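Okay, start_26.pdb is below, PDB, N, CA and C atoms, pLDDT in the B column:
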```pdb
MODEL        1
ATOM      1  N   MET A   1      91.485  75.359  49.207  1.00 64.00           N
ATOM      2  CA  MET A   1      91.871  75.484  50.604  1.00 64.00           C
ATOM      3  C   MET A   1      92.816  76.661  50.831  1.00 64.00           C
ATOM      4  N   LYS A   2      93.502  77.123  49.783  1.00 74.00           N
ATOM      5  CA  LYS A   2      94.434  78.225  49.962  1.00 74.00           C
ATOM      6  C   LYS A   2      93.717  79.529  50.250  1.00 74.00           C
ATOM      7  N   ASP A   3      92.472  79.662  49.803  1.00 85.00           N
ATOM      8  CA  ASP A   3      91.760  80.920  49.948  1.00 85.00           C
ATOM      9  C   ASP A   3      91.127  81.098  51.324  1.00 85.00           C
ATOM     10  N   ILE A   4      91.130  80.053  52.147  1.00 88.00           N
ATOM     11  CA  ILE A   4      90.515  80.145  53.471  1.00 88.00           C
ATOM     12  C   ILE A   4      91.433  80.924  54.402  1.00 88.00           C
ATOM     13  N   LYS A   5      90.888  81.940  55.029  1.00 91.00           N
ATOM     14  CA  LYS A   5      91.617  82.709  56.036  1.00 91.00           C
ATOM     15  C   LYS A   5      91.272  82.087  57.388  1.00 91.00           C
ATOM     16  N   TRP A   6      92.153  81.212  57.868  1.00 93.00           N
ATOM     17  CA  TRP A   6      91.873  80.411  59.059  1.00 93.00           C
ATOM     18  C   TRP A   6      91.639  81.269  60.298  1.00 93.00           C
ATOM     19  N   VAL A   7      92.321  82.385  60.393  1.00 95.00           N
ATOM     20  CA  VAL A   7      92.134  83.264  61.556  1.00 95.00           C
ATOM     21  C   VAL A   7      90.696  83.750  61.620  1.00 95.00           C
ATOM     22  N   PHE A   8      90.154  84.149  60.463  1.00 96.00           N
ATOM     23  CA  PHE A   8      88.781  84.642  60.445  1.00 96.00           C
ATOM     24  C   PHE A   8      87.776  83.528  60.695  1.00 96.00           C
ATOM     25  N   LEU A   9      88.101  82.325  60.256  1.00 95.00           N
ATOM     26  CA  LEU A   9      87.240  81.179  60.546  1.00 95.00           C
ATOM     27  C   LEU A   9      87.182  80.938  62.053  1.00 95.00           C
ATOM     28  N   LEU A  10      88.317  81.034  62.718  1.00 97.00           N
ATOM     29  CA  LEU A  10      88.343  80.856  64.175  1.00 97.00           C
ATOM     30  C   LEU A  10      87.561  81.960  64.886  1.00 97.00           C
ATOM     31  N   TYR A  11      87.699  83.199  64.412  1.00 97.00           N
ATOM     32  CA  TYR A  11      86.909  84.288  64.991  1.00 97.00           C
ATOM     33  C   TYR A  11      85.412  84.014  64.810  1.00 97.00           C
ATOM     34  N   ALA A  12      85.013  83.564  63.633  1.00 97.00           N
ATOM     35  CA  ALA A  12      83.597  83.291  63.359  1.00 97.00           C
ATOM     36  C   ALA A  12      83.069  82.165  64.238  1.00 97.00           C
ATOM     37  N   ILE A  13      83.868  81.118  64.406  1.00 98.00           N
ATOM     38  CA  ILE A  13      83.450  80.003  65.265  1.00 98.00           C
ATOM     39  C   ILE A  13      83.332  80.474  66.713  1.00 98.00           C
ATOM     40  N   GLY A  14      84.306  81.264  67.157  1.00 98.00           N
ATOM     41  CA  GLY A  14      84.250  81.797  68.524  1.00 98.00           C
ATOM     42  C   GLY A  14      83.027  82.658  68.752  1.00 98.00           C
ATOM     43  N   ALA A  15      82.689  83.495  67.778  1.00 98.00           N
ATOM     44  CA  ALA A  15      81.510  84.351  67.905  1.00 98.00           C
ATOM     45  C   ALA A  15      80.236  83.504  67.934  1.00 98.00           C
ATOM     46  N   ALA A  16      80.178  82.474  67.096  1.00 98.00           N
ATOM     47  CA  ALA A  16      78.999  81.603  67.083  1.00 98.00           C
ATOM     48  C   ALA A  16      78.843  80.868  68.412  1.00 98.00           C
ATOM     49  N   VAL A  17      79.956  80.433  68.976  1.00 98.00           N
ATOM     50  CA  VAL A  17      79.909  79.747  70.276  1.00 98.00           C
ATOM     51  C   VAL A  17      79.399  80.691  71.361  1.00 98.00           C
ATOM     52  N   MET A  18      79.832  81.951  71.322  1.00 98.00           N
ATOM     53  CA  MET A  18      79.351  82.916  72.311  1.00 98.00           C
ATOM     54  C   MET A  18      77.865  83.192  72.135  1.00 98.00           C
ATOM     55  N   MET A  19      77.381  83.235  70.886  1.00 98.00           N
ATOM     56  CA  MET A  19      75.943  83.422  70.659  1.00 98.00           C
ATOM     57  C   MET A  19      75.154  82.239  71.209  1.00 98.00           C
ATOM     58  N   MET A  20      75.683  81.041  71.022  1.00 98.00           N
ATOM     59  CA  MET A  20      75.022  79.860  71.602  1.00 98.00           C
ATOM     60  C   MET A  20      75.087  79.911  73.117  1.00 98.00           C
ATOM     61  N   GLY A  21      76.200  80.406  73.643  1.00 98.00           N
ATOM     62  CA  GLY A  21      76.346  80.538  75.088  1.00 98.00           C
ATOM     63  C   GLY A  21      75.316  81.478  75.681  1.00 98.00           C
ATOM     64  N   ILE A  22      74.993  82.532  74.949  1.00 97.00           N
ATOM     65  CA  ILE A  22      73.942  83.452  75.410  1.00 97.00           C
ATOM     66  C   ILE A  22      72.622  82.701  75.532  1.00 97.00           C
ATOM     67  N   GLY A  23      72.307  81.894  74.530  1.00 97.00           N
ATOM     68  CA  GLY A  23      71.068  81.110  74.571  1.00 97.00           C
ATOM     69  C   GLY A  23      71.042  80.126  75.719  1.00 97.00           C
ATOM     70  N   VAL A  24      72.163  79.458  75.953  1.00 97.00           N
ATOM     71  CA  VAL A  24      72.242  78.500  77.064  1.00 97.00           C
ATOM     72  C   VAL A  24      72.095  79.232  78.395  1.00 97.00           C
ATOM     73  N   ALA A  25      72.776  80.374  78.514  1.00 97.00           N
ATOM     74  CA  ALA A  25      72.696  81.135  79.764  1.00 97.00           C
ATOM     75  C   ALA A  25      71.277  81.634  80.016  1.00 97.00           C
ATOM     76  N   ILE A  26      70.580  82.039  78.959  1.00 97.00           N
ATOM     77  CA  ILE A  26      69.178  82.445  79.120  1.00 97.00           C
ATOM     78  C   ILE A  26      68.353  81.255  79.591  1.00 97.00           C
ATOM     79  N   GLY A  27      68.602  80.099  78.999  1.00 97.00           N
ATOM     80  CA  GLY A  27      67.877  78.891  79.405  1.00 97.00           C
ATOM     81  C   GLY A  27      68.142  78.510  80.853  1.00 97.00           C
ATOM     82  N   GLU A  28      69.363  78.772  81.297  1.00 96.00           N
ATOM     83  CA  GLU A  28      69.722  78.477  82.687  1.00 96.00           C
ATOM     84  C   GLU A  28      69.363  79.614  83.635  1.00 96.00           C
ATOM     85  N   ARG A  29      68.837  80.700  83.078  1.00 96.00           N
ATOM     86  CA  ARG A  29      68.467  81.900  83.839  1.00 96.00           C
ATOM     87  C   ARG A  29      69.655  82.469  84.611  1.00 96.00           C
ATOM     88  N   SER A  30      70.798  82.520  83.915  1.00 96.00           N
ATOM     89  CA  SER A  30      72.022  83.035  84.513  1.00 96.00           C
ATOM     90  C   SER A  30      72.344  84.397  83.906  1.00 96.00           C
ATOM     91  N   ILE A  31      72.101  85.431  84.680  1.00 97.00           N
ATOM     92  CA  ILE A  31      72.374  86.785  84.193  1.00 97.00           C
ATOM     93  C   ILE A  31      73.873  86.986  84.033  1.00 97.00           C
ATOM     94  N   ILE A  32      74.658  86.431  84.941  1.00 97.00           N
ATOM     95  CA  ILE A  32      76.110  86.551  84.851  1.00 97.00           C
ATOM     96  C   ILE A  32      76.610  85.866  83.575  1.00 97.00           C
ATOM     97  N   GLY A  33      76.071  84.702  83.262  1.00 97.00           N
ATOM     98  CA  GLY A  33      76.460  83.984  82.046  1.00 97.00           C
ATOM     99  C   GLY A  33      76.119  84.762  80.789  1.00 97.00           C
ATOM    100  N   VAL A  34      74.940  85.358  80.761  1.00 97.00           N
ATOM    101  CA  VAL A  34      74.526  86.167  79.606  1.00 97.00           C
ATOM    102  C   VAL A  34      75.473  87.347  79.451  1.00 97.00           C
ATOM    103  N   PHE A  35      75.741  88.036  80.542  1.00 97.00           N
ATOM    104  CA  PHE A  35      76.625  89.201  80.502  1.00 97.00           C
ATOM    105  C   PHE A  35      78.023  88.811  80.020  1.00 97.00           C
ATOM    106  N   CYS A  36      78.577  87.730  80.563  1.00 98.00           N
ATOM    107  CA  CYS A  36      79.918  87.284  80.161  1.00 98.00           C
ATOM    108  C   CYS A  36      79.968  86.914  78.682  1.00 98.00           C
ATOM    109  N   CYS A  37      78.960  86.213  78.200  1.00 98.00           N
ATOM    110  CA  CYS A  37      78.932  85.816  76.793  1.00 98.00           C
ATOM    111  C   CYS A  37      78.800  87.021  75.874  1.00 98.00           C
ATOM    112  N   ILE A  38      78.003  88.007  76.271  1.00 98.00           N
ATOM    113  CA  ILE A  38      77.858  89.212  75.456  1.00 98.00           C
ATOM    114  C   ILE A  38      79.176  89.973  75.394  1.00 98.00           C
ATOM    115  N   VAL A  39      79.845  90.102  76.538  1.00 98.00           N
ATOM    116  CA  VAL A  39      81.131  90.806  76.565  1.00 98.00           C
ATOM    117  C   VAL A  39      82.156  90.072  75.703  1.00 98.00           C
ATOM    118  N   LEU A  40      82.237  88.751  75.844  1.00 98.00           N
ATOM    119  CA  LEU A  40      83.182  87.978  75.045  1.00 98.00           C
ATOM    120  C   LEU A  40      82.848  88.038  73.561  1.00 98.00           C
ATOM    121  N   LEU A  41      81.566  88.047  73.225  1.00 98.00           N
ATOM    122  CA  LEU A  41      81.158  88.174  71.826  1.00 98.00           C
ATOM    123  C   LEU A  41      81.643  89.503  71.253  1.00 98.00           C
ATOM    124  N   MET A  42      81.472  90.586  72.002  1.00 98.00           N
ATOM    125  CA  MET A  42      81.931  91.887  71.522  1.00 98.00           C
ATOM    126  C   MET A  42      83.452  91.919  71.374  1.00 98.00           C
ATOM    127  N   VAL A  43      84.160  91.285  72.289  1.00 98.00           N
ATOM    128  CA  VAL A  43      85.620  91.240  72.209  1.00 98.00           C
ATOM    129  C   VAL A  43      86.064  90.472  70.968  1.00 98.00           C
ATOM    130  N   ILE A  44      85.479  89.308  70.741  1.00 98.00           N
ATOM    131  CA  ILE A  44      85.840  88.483  69.584  1.00 98.00           C
ATOM    132  C   ILE A  44      85.534  89.222  68.285  1.00 98.00           C
ATOM    133  N   LEU A  45      84.346  89.815  68.184  1.00 97.00           N
ATOM    134  CA  LEU A  45      84.000  90.568  66.980  1.00 97.00           C
ATOM    135  C   LEU A  45      84.936  91.759  66.779  1.00 97.00           C
ATOM    136  N   GLY A  46      85.274  92.424  67.860  1.00 97.00           N
ATOM    137  CA  GLY A  46      86.202  93.549  67.776  1.00 97.00           C
ATOM    138  C   GLY A  46      87.557  93.134  67.252  1.00 97.00           C
ATOM    139  N   PHE A  47      88.090  92.028  67.775  1.00 97.00           N
ATOM    140  CA  PHE A  47      89.375  91.531  67.288  1.00 97.00           C
ATOM    141  C   PHE A  47      89.287  91.129  65.816  1.00 97.00           C
ATOM    142  N   GLY A  48      88.163  90.545  65.427  1.00 96.00           N
ATOM    143  CA  GLY A  48      87.982  90.138  64.034  1.00 96.00           C
ATOM    144  C   GLY A  48      87.989  91.333  63.094  1.00 96.00           C
ATOM    145  N   PHE A  49      87.236  92.369  63.426  1.00 96.00           N
ATOM    146  CA  PHE A  49      87.189  93.559  62.582  1.00 96.00           C
ATOM    147  C   PHE A  49      88.530  94.292  62.580  1.00 96.00           C
ATOM    148  N   LYS A  50      89.184  94.320  63.737  1.00 97.00           N
ATOM    149  CA  LYS A  50      90.492  94.978  63.830  1.00 97.00           C
ATOM    150  C   LYS A  50      91.521  94.243  62.963  1.00 97.00           C
ATOM    151  N   THR A  51      91.497  92.933  63.007  1.00 96.00           N
ATOM    152  CA  THR A  51      92.416  92.129  62.199  1.00 96.00           C
ATOM    153  C   THR A  51      92.136  92.321  60.717  1.00 96.00           C
ATOM    154  N   LYS A  52      90.852  92.350  60.349  1.00 96.00           N
ATOM    155  CA  LYS A  52      90.493  92.543  58.949  1.00 96.00           C
ATOM    156  C   LYS A  52      90.977  93.898  58.443  1.00 96.00           C
ATOM    157  N   LYS A  53      90.793  94.941  59.239  1.00 96.00           N
ATOM    158  CA  LYS A  53      91.255  96.275  58.843  1.00 96.00           C
ATOM    159  C   LYS A  53      92.768  96.284  58.668  1.00 96.00           C
ATOM    160  N   ARG A  54      93.479  95.691  59.624  1.00 96.00           N
ATOM    161  CA  ARG A  54      94.939  95.670  59.552  1.00 96.00           C
ATOM    162  C   ARG A  54      95.419  94.900  58.323  1.00 96.00           C
ATOM    163  N   TRP A  55      94.793  93.763  58.038  1.00 95.00           N
ATOM    164  CA  TRP A  55      95.188  92.964  56.872  1.00 95.00           C
ATOM    165  C   TRP A  55      94.898  93.708  55.577  1.00 95.00           C
ATOM    166  N   ARG A  56      93.780  94.448  55.533  1.00 95.00           N
ATOM    167  CA  ARG A  56      93.474  95.240  54.328  1.00 95.00           C
ATOM    168  C   ARG A  56      94.523  96.307  54.104  1.00 95.00           C
ATOM    169  N   GLU A  57      94.924  96.978  55.177  1.00 95.00           N
ATOM    170  CA  GLU A  57      95.938  98.024  55.065  1.00 95.00           C
ATOM    171  C   GLU A  57      97.286  97.453  54.636  1.00 95.00           C
ATOM    172  N   GLU A  58      97.574  96.217  55.042  1.00 93.00           N
ATOM    173  CA  GLU A  58      98.828  95.563  54.666  1.00 93.00           C
ATOM    174  C   GLU A  58      98.755  94.933  53.279  1.00 93.00           C
ATOM    175  N   GLY A  59      97.559  94.882  52.705  1.00 90.00           N
ATOM    176  CA  GLY A  59      97.390  94.298  51.381  1.00 90.00           C
ATOM    177  C   GLY A  59      97.300  92.791  51.376  1.00 90.00           C
ATOM    178  N   ARG A  60      96.992  92.201  52.508  1.00 86.00           N
ATOM    179  CA  ARG A  60      96.893  90.740  52.607  1.00 86.00           C
ATOM    180  C   ARG A  60      95.524  90.228  52.213  1.00 86.00           C
ATOM    181  N   LEU A  61      94.548  91.117  52.069  1.00 82.00           N
ATOM    182  CA  LEU A  61      93.196  90.705  51.662  1.00 82.00           C
ATOM    183  C   LEU A  61      92.907  91.178  50.257  1.00 82.00           C
TER     184      LEU A  61
ENDMDL
END
```

As structure tokens, how would this structure be written, given the file I've shared?
Amino acid sequence: MKDIKWVFLLYAIGAAVMMMGIGVAIGERSIIGVFCCIVLLMVILGFGFKTKKRWREEGRL
């Protein structure tokens, strides 16, 4: 359990939820929902990669 990076797990769960949200929005034929989920997915992934880069530079990974 010590090796789990909980922050990255939360980012991964958030990204997966947004991907599911895209599918739900497509099923509901909501263009606004699809757009919002795609934008949020990109934001979450961006924060995840940014955090990973910062942690690597700090030597935490």

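With distances taken over only C-alpha atoms, A:Met20 is the one residue among A:Ala15, A:Gly46, A:Leu61, A:Met20 lying closest to A:Gly33.
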
Can you give me, as a list in words, the residues this file yields under the PyMOL selection byres ((chain A and resi 41) around 8)?
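On the file shown, the PyMOL selection byres ((chain A and resi 41) around 8) covers Gly14, Ala15, Ala16, Val17, Met18, Met19, Phe35, Cys36, Cys37, Ile38, Val39, Leu40, Met42, Val43, Ile44, Leu45, Gly46 and Phe47 of chain A.
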
Please determine, counting only C-alpha atoms, which residue among A:Gly21, A:Lys5, A:Ile32, A:Tyr11 has the shortest atom-to-atom distance to A:Phe49.
A:Tyr11

What are the centre and the three edge lengths of an axis-aligned box that wraps all atoms of stretch 48-53 of chain A in the file, given that 6 Å is added to every side, written as lines of an AutoDock Vina configuration file and rounded to one decimal in Å?
```
center_x = 90.0
center_y = 93.2
center_z = 61.9
size_x = 17.6
size_y = 18.1
size_z = 19.0
```

If you measure from atom CA of A:Leu10 to atom CA of A:Arg29, what distance in Å do you get, rounded to one decimal?
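Computed distance, atom CA of A:Leu10 to atom CA of A:Arg29, equals 28.0 Å.
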
Counting all atoms listed in the file, the residue among A:Val34, A:Arg56, A:Asp3, A:Gly48 that lies closest to A:Ile22 is A:Val34

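Of note, atom CA of A:Ile4 and atom C of A:Arg60 are spaced 11.3 Å apart.
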
Name the residues of chain A that come out as alpha helix (DSSP H) in a backbone DSSP run; write them as a PyMOL selection string.
chain A and resi 6-27+31-58

Would you mind reading off the distance between atom CA of A:Val7 and atom CA of A:Glu58, one decimal, in Å?
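Interatomic distance here is 15.6 Å.
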